[in-house]
Each structure stands twice: as structure tokens, then as C-alpha cells.
file input_7.cif (mmCIF, C-alpha atoms)
data_upload
loop_
_atom_site.label_atom_id
_atom_site.label_comp_id
_atom_site.auth_asym_id
_atom_site.auth_seq_id
_atom_site.Cartn_x
_atom_site.Cartn_y
_atom_site.Cartn_z
CA MET B 1 4.13 199.22 -88.11
CA LYS B 2 6.90 198.85 -85.62
CA LYS B 3 10.00 197.47 -87.27
CA ARG B 4 12.43 195.70 -84.97
CA PHE B 5 15.72 194.17 -85.88
CA ALA B 6 16.99 190.86 -84.54
CA GLY B 7 20.64 189.88 -84.86
CA GLU B 8 23.60 192.09 -85.58
CA LEU B 9 23.17 195.18 -87.72
CA LEU B 10 25.51 197.22 -89.85
CA LEU B 11 25.53 200.98 -89.51
CA VAL B 12 27.15 202.51 -92.58
CA ILE B 13 28.15 206.18 -92.45
CA TYR B 14 29.83 207.95 -95.33
CA ASP B 15 31.46 211.20 -96.26
CA ILE B 16 31.63 211.51 -100.03
CA SER B 17 32.22 214.83 -101.78
CA ASP B 18 31.09 213.83 -105.29
CA ASP B 19 27.30 214.04 -105.67
CA LYS B 20 27.01 211.26 -108.25
CA LEU B 21 29.21 208.85 -106.33
CA ARG B 22 27.33 209.62 -103.12
CA GLN B 23 24.08 208.80 -104.89
CA ARG B 24 25.54 205.56 -106.27
CA VAL B 25 26.56 204.51 -102.77
CA ALA B 26 23.07 205.27 -101.44
CA ASP B 27 21.44 203.34 -104.30
CA PHE B 28 23.76 200.40 -103.72
CA LEU B 29 22.93 200.25 -100.01
CA LYS B 30 19.20 200.42 -100.78
CA SER B 31 19.63 197.57 -103.27
CA LYS B 32 21.08 195.51 -100.42
CA GLY B 33 18.00 196.12 -98.30
CA PHE B 34 19.49 198.85 -96.15
CA THR B 35 17.33 201.60 -94.66
CA ARG B 36 18.34 205.24 -94.73
CA VAL B 37 18.50 206.75 -91.25
CA GLN B 38 20.25 210.01 -92.12
CA LYS B 39 21.32 211.71 -95.36
CA SER B 40 24.62 209.84 -95.32
CA ALA B 41 23.85 206.92 -93.02
CA PHE B 42 22.15 203.57 -93.57
CA VAL B 43 21.32 200.62 -91.35
CA GLY B 44 20.84 197.04 -92.48
CA ARG B 45 20.98 193.47 -91.29
CA SER B 46 24.39 191.96 -90.92
CA LEU B 47 23.85 188.52 -92.41
CA PRO B 48 27.24 186.99 -93.27
CA ALA B 49 26.62 187.06 -97.04
CA ILE B 50 25.34 190.65 -96.96
CA LYS B 51 28.29 191.80 -94.89
CA VAL B 52 30.76 190.49 -97.43
CA GLU B 53 28.76 191.79 -100.40
CA VAL B 54 28.30 195.24 -98.91
CA GLU B 55 31.94 195.69 -98.03
CA ALA B 56 33.14 194.38 -101.40
CA GLY B 57 30.55 196.39 -103.29
CA LEU B 58 31.46 199.62 -101.52
CA ARG B 59 35.16 199.04 -102.15
CA ARG B 60 34.40 198.46 -105.82
CA LEU B 61 32.28 201.61 -106.09
CA ILE B 62 34.87 203.93 -104.63
CA LYS B 63 37.91 202.34 -106.25
CA GLY B 64 40.27 205.03 -107.54
CA GLN B 65 38.08 207.84 -106.17
CA GLN B 66 39.34 210.64 -103.96
CA GLY B 67 37.44 212.37 -101.21
CA VAL B 68 35.68 209.30 -99.88
CA ASN B 69 35.41 207.89 -96.41
CA ILE B 70 33.01 205.07 -95.58
CA GLN B 71 32.77 203.39 -92.19
CA ILE B 72 30.85 200.23 -91.38
CA TYR B 73 30.03 199.60 -87.73
CA PRO B 74 28.64 196.21 -86.68
CA ILE B 75 26.16 197.07 -83.92
CA PRO B 76 23.75 195.07 -81.76
CA PRO B 77 20.02 195.77 -82.25
CA SER B 78 19.99 197.42 -78.81
CA SER B 79 22.31 200.15 -80.12
CA PHE B 80 19.76 200.96 -82.76
CA ASN B 81 16.71 200.66 -80.53
CA ARG B 82 18.28 202.88 -77.85
CA ARG B 83 19.53 205.56 -80.24
CA VAL B 84 18.53 209.15 -79.53
CA VAL B 85 17.38 211.27 -82.46
CA ILE B 86 17.52 215.06 -82.11
CA GLY B 87 15.99 217.28 -84.77
CA GLU B 88 14.11 216.26 -87.88
CA PHE B 89 14.66 213.69 -90.60
CA LEU B 90 16.02 215.56 -93.61
CA PHE B 91 15.66 213.15 -96.51
CA GLU B 92 12.71 212.35 -98.72
CA ASP B 93 12.37 208.68 -97.90
CA SER B 94 12.24 209.25 -94.16
CA GLY B 95 8.59 208.29 -93.82
CA GLY B 96 9.27 204.76 -92.73
CA VAL B 97 12.18 205.42 -90.48
CA GLU B 98 10.66 207.16 -87.50
CA VAL B 99 8.60 204.12 -86.64
CA PHE B 100 11.54 201.78 -86.13
CA MET H 1 49.98 204.50 -79.42
CA LYS H 2 47.06 202.13 -79.56
CA LYS H 3 43.97 203.63 -78.03
CA ARG H 4 41.34 201.19 -76.84
CA PHE H 5 38.01 201.94 -75.32
CA ALA H 6 36.51 200.08 -72.38
CA GLY H 7 32.83 200.38 -71.52
CA GLU H 8 30.02 201.66 -73.65
CA LEU H 9 30.68 204.32 -76.26
CA LEU H 10 28.53 206.91 -77.94
CA LEU H 11 28.68 207.29 -81.69
CA VAL H 12 27.26 210.67 -82.68
CA ILE H 13 26.44 211.30 -86.34
CA TYR H 14 24.97 214.53 -87.59
CA ASP H 15 23.54 216.14 -90.66
CA ILE H 16 23.54 219.92 -90.26
CA SER H 17 23.19 222.28 -93.20
CA ASP H 18 24.40 225.47 -91.51
CA ASP H 19 28.21 225.70 -91.48
CA LYS H 20 28.48 227.68 -88.24
CA LEU H 21 26.09 225.46 -86.34
CA ARG H 22 27.86 222.37 -87.63
CA GLN H 23 31.14 223.79 -86.35
CA ARG H 24 29.59 224.60 -82.98
CA VAL H 25 28.36 221.02 -82.66
CA ALA H 26 31.83 219.68 -83.51
CA ASP H 27 33.48 222.03 -81.01
CA PHE H 28 31.00 221.03 -78.33
CA LEU H 29 31.67 217.32 -78.86
CA LYS H 30 35.43 217.92 -78.73
CA SER H 31 34.97 219.84 -75.48
CA LYS H 32 33.29 216.74 -74.05
CA GLY H 33 36.31 214.61 -74.93
CA PHE H 34 34.87 213.11 -78.09
CA THR H 35 37.10 212.07 -80.98
CA ARG H 36 36.26 212.88 -84.58
CA VAL H 37 36.04 209.76 -86.75
CA GLN H 38 34.50 211.31 -89.85
CA LYS H 39 33.65 214.86 -90.93
CA SER H 40 30.27 214.63 -89.23
CA ALA H 41 30.80 211.78 -86.78
CA PHE H 42 32.35 211.59 -83.32
CA VAL H 43 32.95 208.82 -80.82
CA GLY H 44 33.30 209.23 -77.07
CA ARG H 45 32.93 207.39 -73.82
CA SER H 46 29.42 206.91 -72.53
CA LEU H 47 29.86 207.67 -68.86
CA PRO H 48 26.42 208.40 -67.34
CA ALA H 49 27.21 212.07 -66.64
CA ILE H 50 28.66 212.62 -70.12
CA LYS H 51 25.70 210.95 -71.78
CA VAL H 52 23.27 213.33 -70.10
CA GLU H 53 25.45 216.38 -70.73
CA VAL H 54 26.02 215.54 -74.37
CA GLU H 55 22.37 214.95 -75.13
CA ALA H 56 21.25 218.06 -73.24
CA GLY H 57 24.02 220.18 -74.77
CA LEU H 58 23.19 219.09 -78.29
CA ARG H 59 19.50 219.78 -77.77
CA ARG H 60 20.36 223.24 -76.46
CA LEU H 61 22.65 223.98 -79.40
CA ILE H 62 20.12 223.12 -82.07
CA LYS H 63 17.07 224.58 -80.33
CA GLY H 64 14.91 226.47 -82.82
CA GLN H 65 17.17 225.55 -85.75
CA GLN H 66 15.98 223.99 -88.96
CA GLY H 67 17.84 221.51 -91.13
CA VAL H 68 19.38 219.54 -88.29
CA ASN H 69 19.44 215.84 -87.55
CA ILE H 70 21.66 214.39 -84.86
CA GLN H 71 21.68 210.74 -83.84
CA ILE H 72 23.40 209.25 -80.82
CA TYR H 73 24.05 205.51 -80.87
CA PRO H 74 25.21 203.76 -77.70
CA ILE H 75 27.62 201.10 -78.97
CA PRO H 76 29.84 198.49 -77.33
CA PRO H 77 33.63 198.92 -77.75
CA SER H 78 33.60 195.86 -80.03
CA SER H 79 31.47 197.78 -82.55
CA PHE H 80 34.18 200.40 -82.74
CA ASN H 81 37.09 198.00 -82.74
CA ARG H 82 35.54 195.87 -85.49
CA ARG H 83 34.52 198.77 -87.72
CA VAL H 84 35.66 198.71 -91.33
CA VAL H 85 37.03 201.92 -92.81
CA ILE H 86 37.06 202.30 -96.59
CA GLY H 87 38.81 205.25 -98.21
CA GLU H 88 40.76 208.02 -96.54
CA PHE H 89 40.21 210.23 -93.51
CA LEU H 90 39.07 213.60 -94.83
CA PHE H 91 39.45 215.96 -91.89
CA GLU H 92 42.48 217.78 -90.56
CA ASP H 93 42.56 216.28 -87.10
CA SER H 94 42.57 212.72 -88.38
CA GLY H 95 46.13 211.99 -87.33
CA GLY H 96 45.19 210.28 -84.12
CA VAL H 97 42.24 208.35 -85.37
CA GLU H 98 43.70 205.67 -87.56
CA VAL H 99 45.58 204.11 -84.66
CA PHE H 100 42.48 203.41 -82.55
#
call {"tool": "encode", "arguments": {"input": "input_7.cif", "output": "C-alpha cells"}}
result
Amino acid sequence: MKKRFAGELLLVIYDISDDKLRQRVADFLKSKGFTRVQKSAFVGRSLPAIKVEVEAGLRRLIKGQQGVNIQIYPIPPSSFNRRVVIGEFLFEDSGGVEVF
Amino acid sequence: MKKRFAGELLLVIYDISDDKLRQRVADFLKSKGFTRVQKSAFVGRSLPAIKVEVEAGLRRLIKGQQGVNIQIYPIPPSSFNRRVVIGEFLFEDSGGVEVF
């Protein structure tokens, strides 16, 4: 199955030192329908409601925590479709990603 | 100083388990004029020559190595300028980044 995105996407990359918090962030992004593309990177659709929820949810999750940096890039689908991947996918749930 | 990009950019994100190799990748991206935006993420201008050099250089660096995933996203300047940053910058050379 070839999965293609239409409309703006959000690329979320994070640098979180605490294992549990990092896992909570990953779980949260999955719950919002985001797809893991790297150990600490997810991509999802940037519908207006999702955008607000994701940003607010991430701020809530990391509130008062140290050692956290999260960046959300709004990108066009072409940025995703033209990305270059070097090396191997290193996370368990990578099965579905290579066919994007 | 407000630094603004014109023309396409490359956002490079990587997941590299070996400390020395990770450092070599960071040094290589810096040598190509890229700016660190997160511990394992750099942004730089996507001039045609640079694009080719960066991709070829990264492939050369990780050749034969395990535990490496590098992704290069071509993004418009607006993706960078509209990015949302949550939390703090966690690397030493972050001084110049917050004023992008």
C-alpha cells in the first residue's frame, strides 16, 4: 500500500532525555494519528484542530520538565515525498513507514 | 541579528547510536554550513551543489555502519520560519539559533 499525504503535514522532532517522558510523547503523537518516521520523529496531518491539540498536548506533557526540546515543522507533502532516507529504520513499528 | 533563509532548505535529522559517528556527522554538516537546531537535527541551504555533496558525504560517512538512520527533508523557508519550538535548546552552540 502506498500511503500519500494531501494537505499540509506536521513533522515533529524531539530531544528528550527522560525515557518515560519520551515514551509518553511518542504515545501521545500516536494517539493523534501520527506516524513514526525515526526514533524521535513523527509525521502527521496538519488539520487545524489537530495542530492546536498536538501543540497544546505537547506543552502540557512537558510542563515543568527539564531537558526537553520539541520542534514542530509545518511541511508540504512534497517535502515528505521527496525526503531522502539513508541507513535503516531503527524502531520496531517501522514496517509501515518505508512504503510511504 | 535576525537570520532569514531564502530558497529551499534542507532539514537533516538523524538517529545514530555510535557517539563518534554521530559527532562526525554533526561536524560534517557544520562544515557544509549547516546550523544545528536540535541535538540531532541541522538546517542548511539547499543549493544544488550542497544538496549533492551533503547526501553523498553522509552516505560515505555511514557506509558499512549499523544503527544509523538519516533523513533529509527539503523544506520551504516558511516551514522553518513557522516552526514551533517547545522547551529549551539543549546543545552548547544554541546561542545563535533562537534568533532565526
call {"tool": "atom_distance", "arguments": {"input": "input_7.cif", "atom1": "CA of Glu88 in chain B", "atom2": "CA of Pro77 in chain H"}}
result
28.0 Å
call {"tool": "resolve_selection", "arguments": {"input": "input_7.cif", "expression": "the PyMOL selection byres ((chain H) within 8 of (chain B))", "output": "PyMOL selection string"}}
result
chain H and resi 14-15+38-40+58-59+62+66-76+79-80+82-90
call {"tool": "calpha_fit_and_write", "arguments": {"input": "input_7.cif", "fixed": "chain B", "moving": "chain H", "output": "PDB file with C-alpha atoms, in the frame of the given file"}}
result
ATOM      1  CA  MET H   1       4.042 199.270 -88.098  1.00  0.00           C
ATOM      2  CA  LYS H   2       6.843 198.814 -85.626  1.00  0.00           C
ATOM      3  CA  LYS H   3       9.940 197.446 -87.262  1.00  0.00           C
ATOM      4  CA  ARG H   4      12.394 195.686 -84.988  1.00  0.00           C
ATOM      5  CA  PHE H   5      15.693 194.174 -85.877  1.00  0.00           C
ATOM      6  CA  ALA H   6      16.977 190.864 -84.555  1.00  0.00           C
ATOM      7  CA  GLY H   7      20.630 189.896 -84.861  1.00  0.00           C
ATOM      8  CA  GLU H   8      23.585 192.089 -85.592  1.00  0.00           C
ATOM      9  CA  LEU H   9      23.165 195.185 -87.727  1.00  0.00           C
ATOM     10  CA  LEU H  10      25.508 197.217 -89.856  1.00  0.00           C
ATOM     11  CA  LEU H  11      25.530 200.974 -89.516  1.00  0.00           C
ATOM     12  CA  VAL H  12      27.156 202.515 -92.582  1.00  0.00           C
ATOM     13  CA  ILE H  13      28.154 206.183 -92.465  1.00  0.00           C
ATOM     14  CA  TYR H  14      29.834 207.949 -95.332  1.00  0.00           C
ATOM     15  CA  ASP H  15      31.466 211.194 -96.263  1.00  0.00           C
ATOM     16  CA  ILE H  16      31.639 211.518-100.046  1.00  0.00           C
ATOM     17  CA  SER H  17      32.226 214.831-101.783  1.00  0.00           C
ATOM     18  CA  ASP H  18      31.109 213.838-105.285  1.00  0.00           C
ATOM     19  CA  ASP H  19      27.317 214.040-105.674  1.00  0.00           C
ATOM     20  CA  LYS H  20      27.016 211.252-108.248  1.00  0.00           C
ATOM     21  CA  LEU H  21      29.213 208.850-106.336  1.00  0.00           C
ATOM     22  CA  ARG H  22      27.344 209.616-103.132  1.00  0.00           C
ATOM     23  CA  GLN H  23      24.090 208.792-104.905  1.00  0.00           C
ATOM     24  CA  ARG H  24      25.541 205.565-106.281  1.00  0.00           C
ATOM     25  CA  VAL H  25      26.576 204.511-102.781  1.00  0.00           C
ATOM     26  CA  ALA H  26      23.080 205.262-101.448  1.00  0.00           C
ATOM     27  CA  ASP H  27      21.450 203.338-104.300  1.00  0.00           C
ATOM     28  CA  PHE H  28      23.766 200.398-103.730  1.00  0.00           C
ATOM     29  CA  LEU H  29      22.933 200.247-100.018  1.00  0.00           C
ATOM     30  CA  LYS H  30      19.206 200.419-100.787  1.00  0.00           C
ATOM     31  CA  SER H  31      19.629 197.573-103.273  1.00  0.00           C
ATOM     32  CA  LYS H  32      21.093 195.500-100.438  1.00  0.00           C
ATOM     33  CA  GLY H  33      18.008 196.109 -98.306  1.00  0.00           C
ATOM     34  CA  PHE H  34      19.498 198.852 -96.170  1.00  0.00           C
ATOM     35  CA  THR H  35      17.338 201.599 -94.688  1.00  0.00           C
ATOM     36  CA  ARG H  36      18.363 205.241 -94.758  1.00  0.00           C
ATOM     37  CA  VAL H  37      18.514 206.767 -91.274  1.00  0.00           C
ATOM     38  CA  GLN H  38      20.254 210.025 -92.136  1.00  0.00           C
ATOM     39  CA  LYS H  39      21.324 211.715 -95.375  1.00  0.00           C
ATOM     40  CA  SER H  40      24.616 209.837 -95.335  1.00  0.00           C
ATOM     41  CA  ALA H  41      23.845 206.921 -93.032  1.00  0.00           C
ATOM     42  CA  PHE H  42      22.149 203.568 -93.573  1.00  0.00           C
ATOM     43  CA  VAL H  43      21.310 200.621 -91.360  1.00  0.00           C
ATOM     44  CA  GLY H  44      20.829 197.039 -92.495  1.00  0.00           C
ATOM     45  CA  ARG H  45      20.974 193.485 -91.299  1.00  0.00           C
ATOM     46  CA  SER H  46      24.401 191.956 -90.930  1.00  0.00           C
ATOM     47  CA  LEU H  47      23.851 188.523 -92.396  1.00  0.00           C
ATOM     48  CA  PRO H  48      27.259 187.001 -93.261  1.00  0.00           C
ATOM     49  CA  ALA H  49      26.626 187.049 -97.027  1.00  0.00           C
ATOM     50  CA  ILE H  50      25.347 190.637 -96.959  1.00  0.00           C
ATOM     51  CA  LYS H  51      28.285 191.802 -94.881  1.00  0.00           C
ATOM     52  CA  VAL H  52      30.761 190.486 -97.436  1.00  0.00           C
ATOM     53  CA  GLU H  53      28.764 191.789-100.396  1.00  0.00           C
ATOM     54  CA  VAL H  54      28.300 195.228 -98.899  1.00  0.00           C
ATOM     55  CA  GLU H  55      31.944 195.681 -98.023  1.00  0.00           C
ATOM     56  CA  ALA H  56      33.141 194.362-101.389  1.00  0.00           C
ATOM     57  CA  GLY H  57      30.545 196.401-103.289  1.00  0.00           C
ATOM     58  CA  LEU H  58      31.461 199.605-101.512  1.00  0.00           C
ATOM     59  CA  ARG H  59      35.157 199.044-102.135  1.00  0.00           C
ATOM     60  CA  ARG H  60      34.419 198.457-105.815  1.00  0.00           C
ATOM     61  CA  LEU H  61      32.290 201.594-106.072  1.00  0.00           C
ATOM     62  CA  ILE H  62      34.880 203.924-104.612  1.00  0.00           C
ATOM     63  CA  LYS H  63      37.926 202.344-106.251  1.00  0.00           C
ATOM     64  CA  GLY H  64      40.277 205.037-107.538  1.00  0.00           C
ATOM     65  CA  GLN H  65      38.095 207.848-106.168  1.00  0.00           C
ATOM     66  CA  GLN H  66      39.334 210.641-103.973  1.00  0.00           C
ATOM     67  CA  GLY H  67      37.442 212.391-101.203  1.00  0.00           C
ATOM     68  CA  VAL H  68      35.691 209.309 -99.879  1.00  0.00           C
ATOM     69  CA  ASN H  69      35.416 207.885 -96.395  1.00  0.00           C
ATOM     70  CA  ILE H  70      33.019 205.082 -95.581  1.00  0.00           C
ATOM     71  CA  GLN H  71      32.775 203.391 -92.198  1.00  0.00           C
ATOM     72  CA  ILE H  72      30.862 200.232 -91.386  1.00  0.00           C
ATOM     73  CA  TYR H  73      30.028 199.604 -87.736  1.00  0.00           C
ATOM     74  CA  PRO H  74      28.654 196.221 -86.676  1.00  0.00           C
ATOM     75  CA  ILE H  75      26.167 197.081 -83.924  1.00  0.00           C
ATOM     76  CA  PRO H  76      23.755 195.088 -81.771  1.00  0.00           C
ATOM     77  CA  PRO H  77      20.011 195.768 -82.269  1.00  0.00           C
ATOM     78  CA  SER H  78      19.980 197.422 -78.830  1.00  0.00           C
ATOM     79  CA  SER H  79      22.304 200.152 -80.142  1.00  0.00           C
ATOM     80  CA  PHE H  80      19.739 200.969 -82.787  1.00  0.00           C
ATOM     81  CA  ASN H  81      16.715 200.658 -80.554  1.00  0.00           C
ATOM     82  CA  ARG H  82      18.266 202.874 -77.874  1.00  0.00           C
ATOM     83  CA  ARG H  83      19.520 205.560 -80.248  1.00  0.00           C
ATOM     84  CA  VAL H  84      18.525 209.145 -79.545  1.00  0.00           C
ATOM     85  CA  VAL H  85      17.379 211.273 -82.466  1.00  0.00           C
ATOM     86  CA  ILE H  86      17.521 215.053 -82.115  1.00  0.00           C
ATOM     87  CA  GLY H  87      15.988 217.287 -84.770  1.00  0.00           C
ATOM     88  CA  GLU H  88      14.113 216.271 -87.887  1.00  0.00           C
ATOM     89  CA  PHE H  89      14.650 213.691 -90.612  1.00  0.00           C
ATOM     90  CA  LEU H  90      16.010 215.568 -93.617  1.00  0.00           C
ATOM     91  CA  PHE H  91      15.630 213.151 -96.510  1.00  0.00           C
ATOM     92  CA  GLU H  92      12.643 212.341 -98.675  1.00  0.00           C
ATOM     93  CA  ASP H  93      12.348 208.668 -97.870  1.00  0.00           C
ATOM     94  CA  SER H  94      12.212 209.249 -94.135  1.00  0.00           C
ATOM     95  CA  GLY H  95       8.580 208.257 -93.767  1.00  0.00           C
ATOM     96  CA  GLY H  96       9.302 204.738 -92.667  1.00  0.00           C
ATOM     97  CA  VAL H  97      12.200 205.453 -90.412  1.00  0.00           C
ATOM     98  CA  GLU H  98      10.698 207.164 -87.425  1.00  0.00           C
ATOM     99  CA  VAL H  99       8.626 204.118 -86.529  1.00  0.00           C
ATOM    100  CA  PHE H 100      11.599 201.763 -86.119  1.00  0.00           C
TER     101      PHE H 100
END
call {"tool": "closest_residue", "arguments": {"input": "input_7.cif", "among": "B:Leu61, B:Phe91, B:Gly7, B:Val54", "to": "Lys30 in chain B", "atoms": "all atoms listed in the file"}}
result
B:Val54
call {"tool": "residues_around", "arguments": {"input": "input_7.cif", "residues": "Gly33 in chain H", "least_positions_apart": "3", "cutoff": "12 Å", "atoms": "all atoms listed in the file", "output": "list in words"}}
result
Leu9, Leu10, Ala26, Asp27, Phe28, Leu29, Lys30, Arg36, Phe42, Val43, Gly44, Arg45, Ser46, Leu47, Ile50, Lys51, Glu53 and Val54 of chain H
call {"tool": "atom_distance", "arguments": {"input": "input_7.cif", "atom1": "CA of Arg60 in chain B", "atom2": "CA of Lys32 in chain B"}}
result
14.7 Å
call {"tool": "build_atoms", "arguments": {"input": "input_7.cif", "residues": "range 39-50 of chain B", "atoms": "all heavy atoms", "output": "mmCIF file, in the coordinates of the input"}}
result
data_model
loop_
_atom_site.group_PDB
_atom_site.id
_atom_site.type_symbol
_atom_site.label_atom_id
_atom_site.label_comp_id
_atom_site.auth_asym_id
_atom_site.auth_seq_id
_atom_site.Cartn_x
_atom_site.Cartn_y
_atom_site.Cartn_z
ATOM 1 N N LYS B 39 20.948 211.479 -93.955
ATOM 2 C CA LYS B 39 21.320 211.710 -95.360
ATOM 3 C C LYS B 39 22.446 210.803 -95.796
ATOM 4 O O LYS B 39 22.437 210.244 -96.887
ATOM 5 C CB LYS B 39 21.714 213.177 -95.567
ATOM 6 C CG LYS B 39 20.549 214.053 -95.956
ATOM 7 C CD LYS B 39 21.039 215.425 -96.412
ATOM 8 C CE LYS B 39 19.863 216.385 -96.561
ATOM 9 N NZ LYS B 39 20.290 217.787 -96.630
ATOM 10 N N SER B 40 23.453 210.654 -94.965
ATOM 11 C CA SER B 40 24.620 209.840 -95.320
ATOM 12 C C SER B 40 24.843 208.704 -94.332
ATOM 13 O O SER B 40 25.983 208.403 -93.944
ATOM 14 C CB SER B 40 25.866 210.723 -95.394
ATOM 15 O OG SER B 40 25.741 211.663 -96.450
ATOM 16 N N ALA B 41 23.750 208.050 -93.942
ATOM 17 C CA ALA B 41 23.850 206.920 -93.020
ATOM 18 C C ALA B 41 22.736 205.913 -93.299
ATOM 19 O O ALA B 41 21.577 206.298 -93.488
ATOM 20 C CB ALA B 41 23.782 207.396 -91.571
ATOM 21 N N PHE B 42 23.102 204.657 -93.332
ATOM 22 C CA PHE B 42 22.150 203.570 -93.570
ATOM 23 C C PHE B 42 22.333 202.491 -92.509
ATOM 24 O O PHE B 42 23.441 202.301 -91.988
ATOM 25 C CB PHE B 42 22.386 202.933 -94.943
ATOM 26 C CG PHE B 42 21.786 203.692 -96.092
ATOM 27 C CD1 PHE B 42 22.418 204.814 -96.613
ATOM 28 C CD2 PHE B 42 20.587 203.279 -96.661
ATOM 29 C CE1 PHE B 42 21.871 205.507 -97.683
ATOM 30 C CE2 PHE B 42 20.028 203.966 -97.737
ATOM 31 C CZ PHE B 42 20.669 205.087 -98.245
ATOM 32 N N VAL B 43 21.251 201.768 -92.251
ATOM 33 C CA VAL B 43 21.320 200.620 -91.350
ATOM 34 C C VAL B 43 20.733 199.413 -92.078
ATOM 35 O O VAL B 43 19.740 199.537 -92.799
ATOM 36 C CB VAL B 43 20.513 200.873 -90.048
ATOM 37 C CG1 VAL B 43 20.314 199.586 -89.260
ATOM 38 C CG2 VAL B 43 21.227 201.890 -89.181
ATOM 39 N N GLY B 44 21.364 198.267 -91.886
ATOM 40 C CA GLY B 44 20.840 197.040 -92.480
ATOM 41 C C GLY B 44 21.234 195.837 -91.659
ATOM 42 O O GLY B 44 22.036 195.940 -90.726
ATOM 43 N N ARG B 45 20.671 194.703 -92.028
ATOM 44 C CA ARG B 45 20.980 193.470 -91.290
ATOM 45 C C ARG B 45 22.356 192.969 -91.687
ATOM 46 O O ARG B 45 22.755 193.035 -92.844
ATOM 47 C CB ARG B 45 19.918 192.409 -91.592
ATOM 48 C CG ARG B 45 18.552 192.831 -91.098
ATOM 49 C CD ARG B 45 17.536 191.766 -91.396
ATOM 50 N NE ARG B 45 17.839 190.543 -90.654
ATOM 51 C CZ ARG B 45 17.287 189.369 -90.913
ATOM 52 N NH1 ARG B 45 16.426 189.256 -91.903
ATOM 53 N NH2 ARG B 45 17.608 188.307 -90.202
ATOM 54 N N SER B 46 23.025 192.429 -90.700
ATOM 55 C CA SER B 46 24.390 191.960 -90.920
ATOM 56 C C SER B 46 24.460 190.448 -91.111
ATOM 57 O O SER B 46 25.151 189.755 -90.378
ATOM 58 C CB SER B 46 25.270 192.387 -89.735
ATOM 59 O OG SER B 46 26.553 191.851 -89.857
ATOM 60 N N LEU B 47 23.702 189.943 -92.085
ATOM 61 C CA LEU B 47 23.850 188.520 -92.410
ATOM 62 C C LEU B 47 25.235 188.330 -93.032
ATOM 63 O O LEU B 47 25.733 189.226 -93.722
ATOM 64 C CB LEU B 47 22.761 188.099 -93.403
ATOM 65 C CG LEU B 47 21.333 188.375 -92.921
ATOM 66 C CD1 LEU B 47 20.325 188.096 -94.017
ATOM 67 C CD2 LEU B 47 21.032 187.528 -91.680
ATOM 68 N N PRO B 48 25.866 187.170 -92.784
ATOM 69 C CA PRO B 48 27.240 186.990 -93.270
ATOM 70 C C PRO B 48 27.407 187.308 -94.758
ATOM 71 O O PRO B 48 28.335 188.014 -95.148
ATOM 72 C CB PRO B 48 27.530 185.518 -92.980
ATOM 73 C CG PRO B 48 26.642 185.193 -91.827
ATOM 74 C CD PRO B 48 25.397 186.016 -92.009
ATOM 75 N N ALA B 49 26.482 186.838 -95.594
ATOM 76 C CA ALA B 49 26.620 187.060 -97.040
ATOM 77 C C ALA B 49 26.511 188.553 -97.359
ATOM 78 O O ALA B 49 27.273 189.096 -98.156
ATOM 79 C CB ALA B 49 25.554 186.283 -97.794
ATOM 80 N N ILE B 50 25.552 189.212 -96.712
ATOM 81 C CA ILE B 50 25.340 190.650 -96.960
ATOM 82 C C ILE B 50 26.565 191.449 -96.557
ATOM 83 O O ILE B 50 27.015 192.355 -97.263
ATOM 84 C CB ILE B 50 24.084 191.139 -96.199
ATOM 85 C CG1 ILE B 50 22.828 190.604 -96.877
ATOM 86 C CG2 ILE B 50 24.046 192.665 -96.133
ATOM 87 C CD1 ILE B 50 21.529 191.055 -96.247
#
